[in-house]
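So this block is coords_0.cif, mmCIF, C-alpha atoms:
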data_structure
#
loop_
_atom_site.label_atom_id
_atom_site.label_comp_id
_atom_site.auth_asym_id
_atom_site.auth_seq_id
_atom_site.Cartn_x
_atom_site.Cartn_y
_atom_site.Cartn_z
CA MET K 1 -4.93 -2.92 -21.39
CA LYS K 2 -3.94 -2.53 -17.74
CA LEU K 3 -1.66 0.39 -16.88
CA ILE K 4 0.03 0.83 -13.50
CA ILE K 5 1.48 4.30 -12.85
CA VAL K 6 4.23 3.83 -10.26
CA THR K 7 5.04 7.07 -8.51
CA GLY K 8 5.84 8.49 -5.10
CA LEU K 9 8.76 9.87 -3.12
CA SER K 10 12.40 9.36 -4.02
CA GLY K 11 13.89 6.64 -1.85
CA SER K 12 10.54 5.02 -1.08
CA GLY K 13 11.03 1.97 -3.32
CA LYS K 14 9.69 2.88 -6.76
CA SER K 15 12.53 1.08 -8.54
CA VAL K 16 11.90 -2.04 -6.48
CA ALA K 17 8.21 -1.87 -7.39
CA LEU K 18 8.95 -1.56 -11.11
CA HIS K 19 11.47 -4.41 -11.06
CA THR K 20 8.98 -6.61 -9.23
CA LEU K 21 6.22 -5.86 -11.73
CA GLU K 22 8.65 -6.62 -14.56
CA ASP K 23 9.40 -9.99 -12.95
CA VAL K 24 5.71 -10.92 -12.99
CA GLY K 25 5.19 -10.01 -16.63
CA TYR K 26 4.61 -6.26 -16.87
CA TYR K 27 6.24 -4.21 -19.62
CA CYS K 28 7.98 -1.49 -17.57
CA ILE K 29 9.18 2.00 -18.46
CA ASP K 30 11.02 4.09 -15.87
CA ASN K 31 11.20 7.89 -15.66
CA LEU K 32 8.80 8.55 -18.52
CA PRO K 33 8.42 12.25 -19.40
CA VAL K 34 4.99 12.96 -18.02
CA PHE K 35 3.65 14.70 -21.15
CA MET K 36 4.18 11.46 -23.09
CA LEU K 37 1.99 9.28 -20.85
CA PRO K 38 -1.46 9.77 -22.45
CA SER K 39 -0.22 9.34 -26.02
CA LEU K 40 1.98 6.38 -25.08
CA ALA K 41 -0.86 4.59 -23.31
CA CYS K 42 -3.21 5.07 -26.26
CA GLU K 43 -0.58 3.90 -28.74
CA LEU K 44 0.21 0.73 -26.78
CA ALA K 45 -3.50 -0.04 -26.34
CA SER K 46 -4.21 0.41 -30.05
CA ARG K 47 -1.56 -2.15 -31.02
CA GLY K 48 -3.48 -5.00 -29.38
CA ASN K 49 -0.18 -6.68 -28.53
CA ASP K 50 -0.16 -9.02 -25.54
CA ARG K 51 3.33 -7.76 -24.68
CA TYR K 52 1.83 -4.39 -23.74
CA SER K 53 -1.44 -5.65 -22.22
CA GLN K 54 0.09 -5.11 -18.79
CA THR K 55 2.30 -2.04 -18.65
CA ALA K 56 3.86 -0.19 -15.72
CA VAL K 57 5.25 3.33 -16.02
CA GLY K 58 7.44 5.10 -13.48
CA ILE K 59 6.86 8.83 -13.00
CA ASP K 60 8.69 10.90 -10.41
CA ALA K 61 9.82 14.36 -9.40
CA ARG K 62 12.50 14.49 -12.09
CA ASN K 63 9.71 15.77 -14.33
CA PRO K 64 8.99 19.52 -14.33
CA SER K 65 6.67 20.34 -11.43
CA GLU K 66 4.15 22.17 -13.64
CA GLU K 67 3.74 19.04 -15.79
CA LEU K 68 3.22 16.86 -12.73
CA GLN K 69 0.45 19.17 -11.63
CA SER K 70 -1.34 18.86 -14.98
CA ILE K 71 -1.11 15.11 -15.61
CA LEU K 72 -4.16 13.97 -13.63
CA PRO K 73 -6.76 15.75 -15.84
CA LEU K 74 -5.05 14.21 -18.88
CA LEU K 75 -5.63 10.69 -17.54
CA GLY K 76 -9.42 11.01 -17.42
CA PRO K 77 -10.17 10.02 -21.04
CA LEU K 78 -7.99 6.89 -20.92
CA LYS K 79 -10.61 4.56 -19.45
CA SER K 80 -13.06 5.52 -22.20
CA GLN K 81 -10.45 4.15 -24.60
CA GLY K 82 -10.28 0.79 -22.82
CA ILE K 83 -7.22 1.56 -20.70
CA ASP K 84 -7.65 0.48 -17.10
CA TYR K 85 -5.10 2.62 -15.26
CA GLN K 86 -4.27 2.65 -11.57
CA ILE K 87 -1.88 4.81 -9.57
CA LEU K 88 0.50 3.18 -7.10
CA PHE K 89 2.03 5.72 -4.71
CA LEU K 90 5.00 4.78 -2.52
CA GLU K 91 5.99 6.89 0.45
CA ALA K 92 8.01 6.82 3.66
CA GLU K 93 8.61 9.05 6.66
CA SER K 94 11.10 11.88 6.11
CA ASP K 95 13.60 10.57 8.67
CA THR K 96 13.61 7.19 6.94
CA LEU K 97 14.19 8.77 3.54
CA ILE K 98 17.08 10.84 4.93
CA THR K 99 18.65 7.69 6.38
CA ARG K 100 18.31 5.82 3.08
CA PHE K 101 19.92 8.62 1.07
CA SER K 102 22.72 8.87 3.63
CA GLU K 103 23.38 5.13 3.47
CA THR K 104 23.42 4.95 -0.34
CA ARG K 105 25.13 8.34 -0.73
CA ARG K 106 22.87 9.07 -3.67
CA LYS K 107 21.79 12.59 -4.52
CA HIS K 108 18.12 13.49 -4.16
CA PRO K 109 16.73 14.59 -7.56
CA LEU K 110 15.53 17.90 -6.10
CA SER K 111 18.56 18.71 -3.97
CA ASP K 112 20.68 21.73 -4.76
CA GLU K 113 23.46 23.81 -3.21
CA THR K 114 21.05 26.16 -1.46
CA GLY K 115 19.05 23.67 0.58
CA SER K 116 19.39 20.56 2.71
CA LEU K 117 18.24 17.02 1.96
CA ALA K 118 15.29 17.56 4.32
CA ASP K 119 14.29 20.64 2.28
CA ALA K 120 14.39 18.62 -0.94
CA ILE K 121 12.22 15.89 0.56
CA GLU K 122 9.68 18.43 1.81
CA ARG K 123 9.57 20.10 -1.61
CA GLU K 124 9.03 16.75 -3.31
CA GLN K 125 6.19 15.88 -0.93
CA LYS K 126 4.37 19.04 -2.01
CA ILE K 127 5.02 18.44 -5.71
CA MET K 128 3.80 14.83 -5.59
CA ALA K 129 0.74 15.58 -3.43
CA PRO K 130 -1.75 15.37 -6.35
CA PHE K 131 -0.62 11.82 -7.12
CA GLN K 132 -0.83 10.87 -3.46
CA THR K 133 -4.41 12.14 -3.28
CA ALA K 134 -5.44 10.35 -6.49
CA ALA K 135 -3.63 7.08 -5.71
CA ASP K 136 -5.59 3.84 -5.93
CA LEU K 137 -3.03 2.14 -3.70
CA ARG K 138 -0.61 3.75 -1.26
CA ILE K 139 2.24 1.80 0.32
CA ASP K 140 4.19 3.21 3.25
CA THR K 141 7.65 1.60 3.17
CA THR K 142 8.97 3.22 6.36
CA ARG K 143 9.11 -0.12 8.18
CA THR K 144 9.27 -2.34 5.10
CA ASN K 145 12.47 -3.87 3.76
CA VAL K 146 13.13 -4.69 0.11
CA HIS K 147 11.97 -8.30 0.38
CA GLN K 148 8.74 -7.36 2.16
CA LEU K 149 7.98 -4.66 -0.42
CA ARG K 150 8.45 -7.17 -3.23
CA ASP K 151 6.02 -9.53 -1.53
CA ILE K 152 3.45 -6.75 -1.10
CA ILE K 153 3.71 -5.76 -4.78
CA ARG K 154 3.42 -9.36 -5.95
CA THR K 155 0.36 -10.13 -3.84
CA ARG K 156 -1.49 -6.85 -4.30
CA ILE K 157 -0.77 -6.09 -7.95
CA GLY K 158 1.39 -8.71 -9.59
CA HIS K 159 -1.04 -11.63 -9.33
CA ASP K 160 -3.96 -12.23 -11.65
CA GLN K 161 -6.90 -10.87 -9.74
CA THR K 162 -10.01 -13.01 -10.03
CA SER K 163 -12.05 -10.86 -7.67
CA SER K 164 -13.21 -7.29 -7.93
CA ILE K 165 -11.30 -6.07 -4.89
CA SER K 166 -8.22 -7.05 -2.89
CA LEU K 167 -8.19 -6.83 0.92
CA LEU K 168 -5.04 -6.43 3.00
CA PHE K 169 -5.47 -6.99 6.74
CA LEU K 170 -2.60 -5.32 8.58
CA SER K 171 -1.81 -5.49 12.29
CA PHE K 172 0.29 -2.76 13.89
CA GLY K 173 1.26 -1.15 17.19
CA PHE K 174 0.17 2.41 17.92
CA LYS K 175 3.43 3.10 19.73
CA HIS K 176 5.22 2.62 16.40
CA GLY K 177 2.87 4.92 14.47
CA ILE K 178 -0.36 4.58 12.51
CA PRO K 179 0.03 3.18 8.96
CA LYS K 180 -0.32 6.03 6.47
CA ASP K 181 -1.57 3.74 3.72
CA ALA K 182 -4.58 2.33 5.60
CA ASP K 183 -8.12 2.88 4.35
CA PHE K 184 -9.65 1.89 7.72
CA VAL K 185 -7.99 1.92 11.14
CA TYR K 186 -9.48 0.08 14.12
CA ASP K 187 -8.23 0.60 17.68
CA THR K 188 -8.26 -2.52 19.90
CA ARG K 189 -6.53 -0.96 22.92
CA CYS K 190 -9.83 -1.00 24.80
CA LEU K 191 -9.86 -4.82 24.79
CA PRO K 192 -8.40 -7.13 27.50
CA ASN K 193 -4.61 -7.18 27.14
CA PRO K 194 -2.68 -10.49 27.27
CA HIS K 195 0.46 -8.46 27.97
CA TRP K 196 -0.48 -8.32 31.65
CA SER K 197 -0.37 -12.10 31.94
CA PRO K 198 3.26 -13.21 32.53
CA ALA K 199 2.58 -16.50 30.72
CA LEU K 200 1.14 -14.78 27.65
CA ARG K 201 3.44 -11.76 27.46
CA PRO K 202 6.19 -13.37 25.33
CA LEU K 203 3.66 -14.91 22.95
CA THR K 204 1.76 -13.36 20.03
CA GLY K 205 -1.76 -13.41 18.68
CA GLN K 206 -0.71 -16.31 16.47
CA ASP K 207 -0.28 -18.57 19.53
CA LEU K 208 -3.17 -20.74 20.66
CA ALA K 209 -2.95 -19.65 24.31
CA VAL K 210 -3.40 -15.99 23.36
CA GLN K 211 -6.20 -16.86 20.96
CA ASP K 212 -8.03 -18.81 23.66
CA PHE K 213 -7.61 -15.93 26.10
CA LEU K 214 -8.96 -13.30 23.72
CA SER K 215 -11.80 -15.37 22.26
CA SER K 216 -13.09 -16.02 25.78
CA HIS K 217 -13.94 -12.32 26.22
CA GLU K 218 -17.27 -11.03 24.95
CA GLN K 219 -15.84 -7.59 24.09
CA VAL K 220 -13.31 -9.17 21.70
CA ASN K 221 -15.94 -11.22 19.90
CA LYS K 222 -18.27 -8.24 19.70
CA MET K 223 -15.57 -6.06 18.12
CA ALA K 224 -14.65 -8.78 15.61
CA ASP K 225 -18.28 -9.25 14.60
CA GLY K 226 -18.77 -5.50 14.32
CA ILE K 227 -15.81 -5.05 11.96
CA ILE K 228 -16.91 -8.04 9.87
CA ASN K 229 -20.47 -6.73 9.59
CA PHE K 230 -19.24 -3.28 8.55
CA LEU K 231 -16.90 -4.63 5.88
CA GLU K 232 -19.43 -7.10 4.50
CA GLU K 233 -21.95 -4.30 4.12
CA TRP K 234 -19.66 -1.73 2.51
CA ILE K 235 -17.07 -3.68 0.50
CA PRO K 236 -19.55 -4.15 -2.39
CA SER K 237 -20.05 -0.37 -2.53
CA PHE K 238 -16.31 0.28 -2.71
CA ALA K 239 -15.97 -2.36 -5.43
CA ALA K 240 -18.86 -0.82 -7.39
CA ASP K 241 -17.11 2.55 -7.14
CA GLY K 242 -14.08 1.09 -8.89
CA ARG K 243 -11.84 0.48 -5.90
CA SER K 244 -9.38 -2.38 -6.42
CA TYR K 245 -7.64 -2.36 -3.04
CA LEU K 246 -8.59 -1.83 0.58
CA THR K 247 -6.20 -1.88 3.53
CA ILE K 248 -7.79 -2.59 6.91
CA ALA K 249 -5.39 -1.83 9.76
CA ILE K 250 -5.99 -3.25 13.26
CA GLY K 251 -3.92 -1.65 16.01
CA CYS K 252 -3.12 -2.35 19.64
CA THR K 253 -0.40 -0.89 21.85
CA GLY K 254 2.57 -2.93 20.66
CA GLY K 255 1.18 -4.84 17.69
CA GLN K 256 1.84 -8.24 19.25
CA HIS K 257 -1.32 -9.70 20.80
CA ARG K 258 -4.76 -8.17 20.24
CA SER K 259 -4.20 -6.66 16.79
CA VAL K 260 -2.49 -9.81 15.54
CA TYR K 261 -5.30 -12.04 16.80
CA LEU K 262 -8.09 -9.92 15.31
CA THR K 263 -6.26 -9.48 12.01
CA GLU K 264 -5.81 -13.25 11.71
CA ARG K 265 -9.47 -13.78 12.57
CA LEU K 266 -10.71 -11.26 10.01
CA ALA K 267 -8.46 -12.61 7.26
CA LYS K 268 -9.62 -16.16 7.93
CA HIS K 269 -13.26 -15.06 7.74
CA PHE K 270 -12.88 -13.28 4.41
CA GLU K 271 -10.70 -16.01 2.90
CA ASN K 272 -13.90 -18.02 2.68
CA SER K 273 -15.36 -15.39 0.33
CA GLU K 274 -14.54 -14.74 -3.33
CA LEU K 275 -12.32 -11.80 -2.41
CA SER K 276 -8.54 -11.74 -2.69
CA VAL K 277 -7.16 -11.57 0.86
CA GLN K 278 -3.65 -10.81 2.12
CA LEU K 279 -2.38 -10.71 5.69
CA ARG K 280 0.55 -8.80 7.16
CA HIS K 281 1.79 -8.23 10.72
CA ARG K 282 3.89 -5.07 10.64
CA GLU K 283 5.51 -5.33 14.06
CA LEU K 284 6.10 -9.10 13.98
CA SER K 285 8.20 -8.61 10.85
CA ARG K 286 10.41 -5.99 12.49
#
Once you've parsed the file, please lay out its structure as structure tokens.
Amino acid sequence: MKLIIVTGLSGSGKSVALHTLEDVGYYCIDNLPVFMLPSLACELASRGNDRYSQTAVGIDARNPSEELQSILPLLGPLKSQGIDYQILFLEAESDTLITRFSETRRKHPLSDETGSLADAIEREQKIMAPFQTAADLRIDTTRTNVHQLRDIIRTRIGHDQTSSISLLFLSFGFKHGIPKDADFVYDTRCLPNPHWSPALRPLTGQDLAVQDFLSSHEQVNKMADGIINFLEEWIPSFAADGRSYLTIAIGCTGGQHRSVYLTERLAKHFENSELSVQLRHRELSR
């Protein structure tokens, strides 16, 4: 049995994640009382029913905080009973969450008459911290719309994984913030910048002219080879440790040229392996 525990901050997209998993064949339960999770998982696994072989459960801050703090130790014995569980944690920046609640006019589950929406969000961040720390996969939806989040869920979780680990190569711009959900972050701002060429400035790292410019520089090739060598050496160790997902973020100043080029190059290299590889350009999708 495979169990996905979908959790995270209110307004970050947990409902979208559950609906997407349901669309690809998961049996989904939202807002499960946290004390019921271990017994429910064991009961579903014992039935041997294909309908429950892939189950997703939503858990959030509507549960009592003391129960949320105690759930992680209760999950330990599940794998010994043949239940492969993983925790998916969704998050977003506080300002983004405030905007989303303002637009939908929905009430935050922890809001009350004595505090502001920002206070409720901060309190929830503290309550959900144990899940964030233990998460197998974190997704920051600050700059992700509903359609992009659905695509991420489908490619990272919803597909039938034939490899031991899934790699997401993500390009981004430092001026827009570092991705919170990255396992590795590489800084390419030290490399030659196509931005200073008037002919290349409006293009991206997906354009041949920019690719030719960057690949002609020894520093660029050396950095690409260095990242590839590091990942090839250590990915097997992460897989052996039980990791199912790795996010490798490549950043430059604006997320348009250098990071895009290197991310495309890395993804193309690892697509020739037996690993599951996804590619995303955060700033190009803005």
Per residue of segment 147-224 of chain K within 12 Å of segment 129-137 of chain K, note the shortest atom pair and the distance in Å to one decimal, counting all atoms listed in the file, and order the rows by chain and increasing residue number, as a Markdown table.
| residue | atom | partner | partner_atom | distance |
| --- | --- | --- | --- | --- |
| K:Ile152 | CA | K:Leu137 | CA | 11.3 |
| K:Ile153 | CA | K:Leu137 | CA | 10.4 |
| K:Arg156 | CA | K:Leu137 | CA | 9.1 |
| K:Ile157 | CA | K:Leu137 | CA | 9.5 |
| K:Ile165 | CA | K:Asp136 | CA | 11.5 |
| K:Ser166 | CA | K:Leu137 | CA | 10.6 |
| K:Leu167 | CA | K:Leu137 | CA | 11.3 |
| K:Leu168 | CA | K:Leu137 | CA | 11.1 |
| K:Lys180 | CA | K:Gln132 | CA | 11.1 |
| K:Asp181 | CA | K:Leu137 | CA | 7.7 |
| K:Ala182 | CA | K:Leu137 | CA | 9.4 |
| K:Asp183 | CA | K:Leu137 | CA | 9.6 |
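Computed from the coordinates, the atom CA of His257 of chain K to atom CA of Phe213 of chain K distance equals 10.3 Å.
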>> What's the separation between atom CA of Gly226 of chain K and atom CA of Ala239 of chain K, in Å to one decimal place?
In response: 20.2 Å
> So, counting all atoms listed in the file, which residue among K:Gly48, K:Pro179, K:Pro109, K:Gly58 is closest to Val6 of chain K?
Replying inline: K:Gly58
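Coordinates place atom CA of Ser70 of chain K at a distance of 24.0 Å from atom CA of Asp241 of chain K.
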>> For segment 246-256 of chain K, find every residue with an atom within 6 Å (counting only C-alpha atoms), except residues of its own chain fewer than 6 positions away, and show them as a ChimeraX atom specification.
In response: /K:167-175,182-189,204,283
> How would you write, as a PyMOL selection string, the residues chosen by the PyMOL selection byres ((chain K and resi 25-27) around 12) on this structure?
Replying inline: chain K and resi 1-5+17-24+28-30+41+44+49-58+154+157-160
>> Just checking: using all atoms listed in the file, which residue out of K:His176, K:Lys79, K:Arg62, K:Lys126 ends up closest to His108 of chain K?
In response: K:Arg62
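With all atoms listed in the file as the atoms that count, the minimum distance from Asn63 of chain K to the choices K:Ile127, K:Ile121, K:Cys42, K:Ile98 is reached by K:Ile127.
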> Any idea what's packed within 8 Å of Pro38 of chain K, counting all atoms listed in the file, ignoring anything in its chain fewer than 6 positions away? Could you give it as JSON, numbers by chain?
Replying inline: {"K": [74, 75, 78]}
>> Could you tell me, as a PyMOL selection string, exactly which residues end up selected when the PyMOL selection byres ((chain K and resi 214) around 12) is applied to this structure?
In response: chain K and resi 188+191-195+197+200+204-213+215-224+257-262+265
> Could you pull the residues within 8 Å of Leu9 of chain K, counting all atoms listed in the file, minus those fewer than 2 positions along the same chain, as JSON, numbers by chain?
Replying inline: {"K": [7, 11, 12, 14, 60, 61, 90, 91, 92, 121, 124, 125, 128]}
Reconstructed segment 37-63 of chain K, atom set N, CA and C atoms, as a PDB file, keeping the file's coordinate frame:
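Below you can see rebuild-v3.pdb, which holds the result:
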ATOM      1  N   LEU K  37       2.779  10.393 -21.391  1.00  0.00           N
ATOM      2  CA  LEU K  37       1.990   9.280 -20.850  1.00  0.00           C
ATOM      3  C   LEU K  37       0.680   9.037 -21.584  1.00  0.00           C
ATOM      4  N   PRO K  38      -0.178  10.048 -21.780  1.00  0.00           N
ATOM      5  CA  PRO K  38      -1.460   9.770 -22.450  1.00  0.00           C
ATOM      6  C   PRO K  38      -1.290   9.205 -23.858  1.00  0.00           C
ATOM      7  N   SER K  39      -0.407   9.814 -24.647  1.00  0.00           N
ATOM      8  CA  SER K  39      -0.220   9.340 -26.020  1.00  0.00           C
ATOM      9  C   SER K  39       0.418   7.962 -26.046  1.00  0.00           C
ATOM     10  N   LEU K  40       1.345   7.691 -25.140  1.00  0.00           N
ATOM     11  CA  LEU K  40       1.980   6.380 -25.080  1.00  0.00           C
ATOM     12  C   LEU K  40       0.962   5.301 -24.734  1.00  0.00           C
ATOM     13  N   ALA K  41       0.133   5.570 -23.736  1.00  0.00           N
ATOM     14  CA  ALA K  41      -0.860   4.590 -23.310  1.00  0.00           C
ATOM     15  C   ALA K  41      -1.829   4.273 -24.450  1.00  0.00           C
ATOM     16  N   CYS K  42      -2.277   5.290 -25.149  1.00  0.00           N
ATOM     17  CA  CYS K  42      -3.210   5.070 -26.260  1.00  0.00           C
ATOM     18  C   CYS K  42      -2.552   4.300 -27.396  1.00  0.00           C
ATOM     19  N   GLU K  43      -1.293   4.600 -27.665  1.00  0.00           N
ATOM     20  CA  GLU K  43      -0.580   3.900 -28.740  1.00  0.00           C
ATOM     21  C   GLU K  43      -0.398   2.427 -28.405  1.00  0.00           C
ATOM     22  N   LEU K  44       0.005   2.124 -27.176  1.00  0.00           N
ATOM     23  CA  LEU K  44       0.210   0.730 -26.780  1.00  0.00           C
ATOM     24  C   LEU K  44      -1.113  -0.033 -26.797  1.00  0.00           C
ATOM     25  N   ALA K  45      -2.196   0.619 -26.354  1.00  0.00           N
ATOM     26  CA  ALA K  45      -3.500  -0.040 -26.340  1.00  0.00           C
ATOM     27  C   ALA K  45      -3.985  -0.336 -27.750  1.00  0.00           C
ATOM     28  N   SER K  46      -3.714   0.574 -28.681  1.00  0.00           N
ATOM     29  CA  SER K  46      -4.210   0.410 -30.050  1.00  0.00           C
ATOM     30  C   SER K  46      -3.497  -0.716 -30.786  1.00  0.00           C
ATOM     31  N   ARG K  47      -2.319  -1.109 -30.339  1.00  0.00           N
ATOM     32  CA  ARG K  47      -1.560  -2.150 -31.020  1.00  0.00           C
ATOM     33  C   ARG K  47      -2.150  -3.539 -30.774  1.00  0.00           C
ATOM     34  N   GLY K  48      -2.888  -3.704 -29.674  1.00  0.00           N
ATOM     35  CA  GLY K  48      -3.480  -5.000 -29.380  1.00  0.00           C
ATOM     36  C   GLY K  48      -2.459  -6.094 -29.188  1.00  0.00           C
ATOM     37  N   ASN K  49      -1.281  -5.736 -28.733  1.00  0.00           N
ATOM     38  CA  ASN K  49      -0.180  -6.680 -28.530  1.00  0.00           C
ATOM     39  C   ASN K  49      -0.181  -7.157 -27.083  1.00  0.00           C
ATOM     40  N   ASP K  50      -0.162  -8.474 -26.913  1.00  0.00           N
ATOM     41  CA  ASP K  50      -0.160  -9.020 -25.540  1.00  0.00           C
ATOM     42  C   ASP K  50       1.037  -8.545 -24.732  1.00  0.00           C
ATOM     43  N   ARG K  51       2.136  -8.213 -25.400  1.00  0.00           N
ATOM     44  CA  ARG K  51       3.330  -7.760 -24.680  1.00  0.00           C
ATOM     45  C   ARG K  51       3.056  -6.489 -23.899  1.00  0.00           C
ATOM     46  N   TYR K  52       2.127  -5.659 -24.389  1.00  0.00           N
ATOM     47  CA  TYR K  52       1.830  -4.390 -23.740  1.00  0.00           C
ATOM     48  C   TYR K  52       0.505  -4.405 -22.983  1.00  0.00           C
ATOM     49  N   SER K  53      -0.120  -5.580 -22.878  1.00  0.00           N
ATOM     50  CA  SER K  53      -1.440  -5.650 -22.220  1.00  0.00           C
ATOM     51  C   SER K  53      -1.352  -5.310 -20.749  1.00  0.00           C
ATOM     52  N   GLN K  54      -0.176  -5.526 -20.168  1.00  0.00           N
ATOM     53  CA  GLN K  54       0.090  -5.110 -18.790  1.00  0.00           C
ATOM     54  C   GLN K  54       1.359  -4.263 -18.799  1.00  0.00           C
ATOM     55  N   THR K  55       1.178  -2.977 -18.580  1.00  0.00           N
ATOM     56  CA  THR K  55       2.300  -2.040 -18.650  1.00  0.00           C
ATOM     57  C   THR K  55       2.394  -1.239 -17.361  1.00  0.00           C
ATOM     58  N   ALA K  56       3.617  -1.026 -16.901  1.00  0.00           N
ATOM     59  CA  ALA K  56       3.860  -0.190 -15.720  1.00  0.00           C
ATOM     60  C   ALA K  56       4.802   0.939 -16.105  1.00  0.00           C
ATOM     61  N   VAL K  57       4.476   2.145 -15.664  1.00  0.00           N
ATOM     62  CA  VAL K  57       5.250   3.330 -16.020  1.00  0.00           C
ATOM     63  C   VAL K  57       5.658   4.058 -14.748  1.00  0.00           C
ATOM     64  N   GLY K  58       6.939   4.351 -14.631  1.00  0.00           N
ATOM     65  CA  GLY K  58       7.440   5.100 -13.480  1.00  0.00           C
ATOM     66  C   GLY K  58       7.469   6.589 -13.764  1.00  0.00           C
ATOM     67  N   ILE K  59       6.870   7.366 -12.882  1.00  0.00           N
ATOM     68  CA  ILE K  59       6.860   8.830 -13.000  1.00  0.00           C
ATOM     69  C   ILE K  59       7.281   9.412 -11.663  1.00  0.00           C
ATOM     70  N   ASP K  60       8.208  10.353 -11.675  1.00  0.00           N
ATOM     71  CA  ASP K  60       8.690  10.900 -10.410  1.00  0.00           C
ATOM     72  C   ASP K  60       9.006  12.381 -10.541  1.00  0.00           C
ATOM     73  N   ALA K  61       9.608  12.916  -9.508  1.00  0.00           N
ATOM     74  CA  ALA K  61       9.820  14.360  -9.400  1.00  0.00           C
ATOM     75  C   ALA K  61      10.906  14.875 -10.320  1.00  0.00           C
ATOM     76  N   ARG K  62      11.526  14.002 -11.106  1.00  0.00           N
ATOM     77  CA  ARG K  62      12.500  14.490 -12.090  1.00  0.00           C
ATOM     78  C   ARG K  62      11.800  15.206 -13.238  1.00  0.00           C
ATOM     79  N   ASN K  63      10.487  15.017 -13.356  1.00  0.00           N
ATOM     80  CA  ASN K  63       9.710  15.770 -14.330  1.00  0.00           C
ATOM     81  C   ASN K  63       9.512  17.206 -13.843  1.00  0.00           C
TER      82      ASN K  63
END
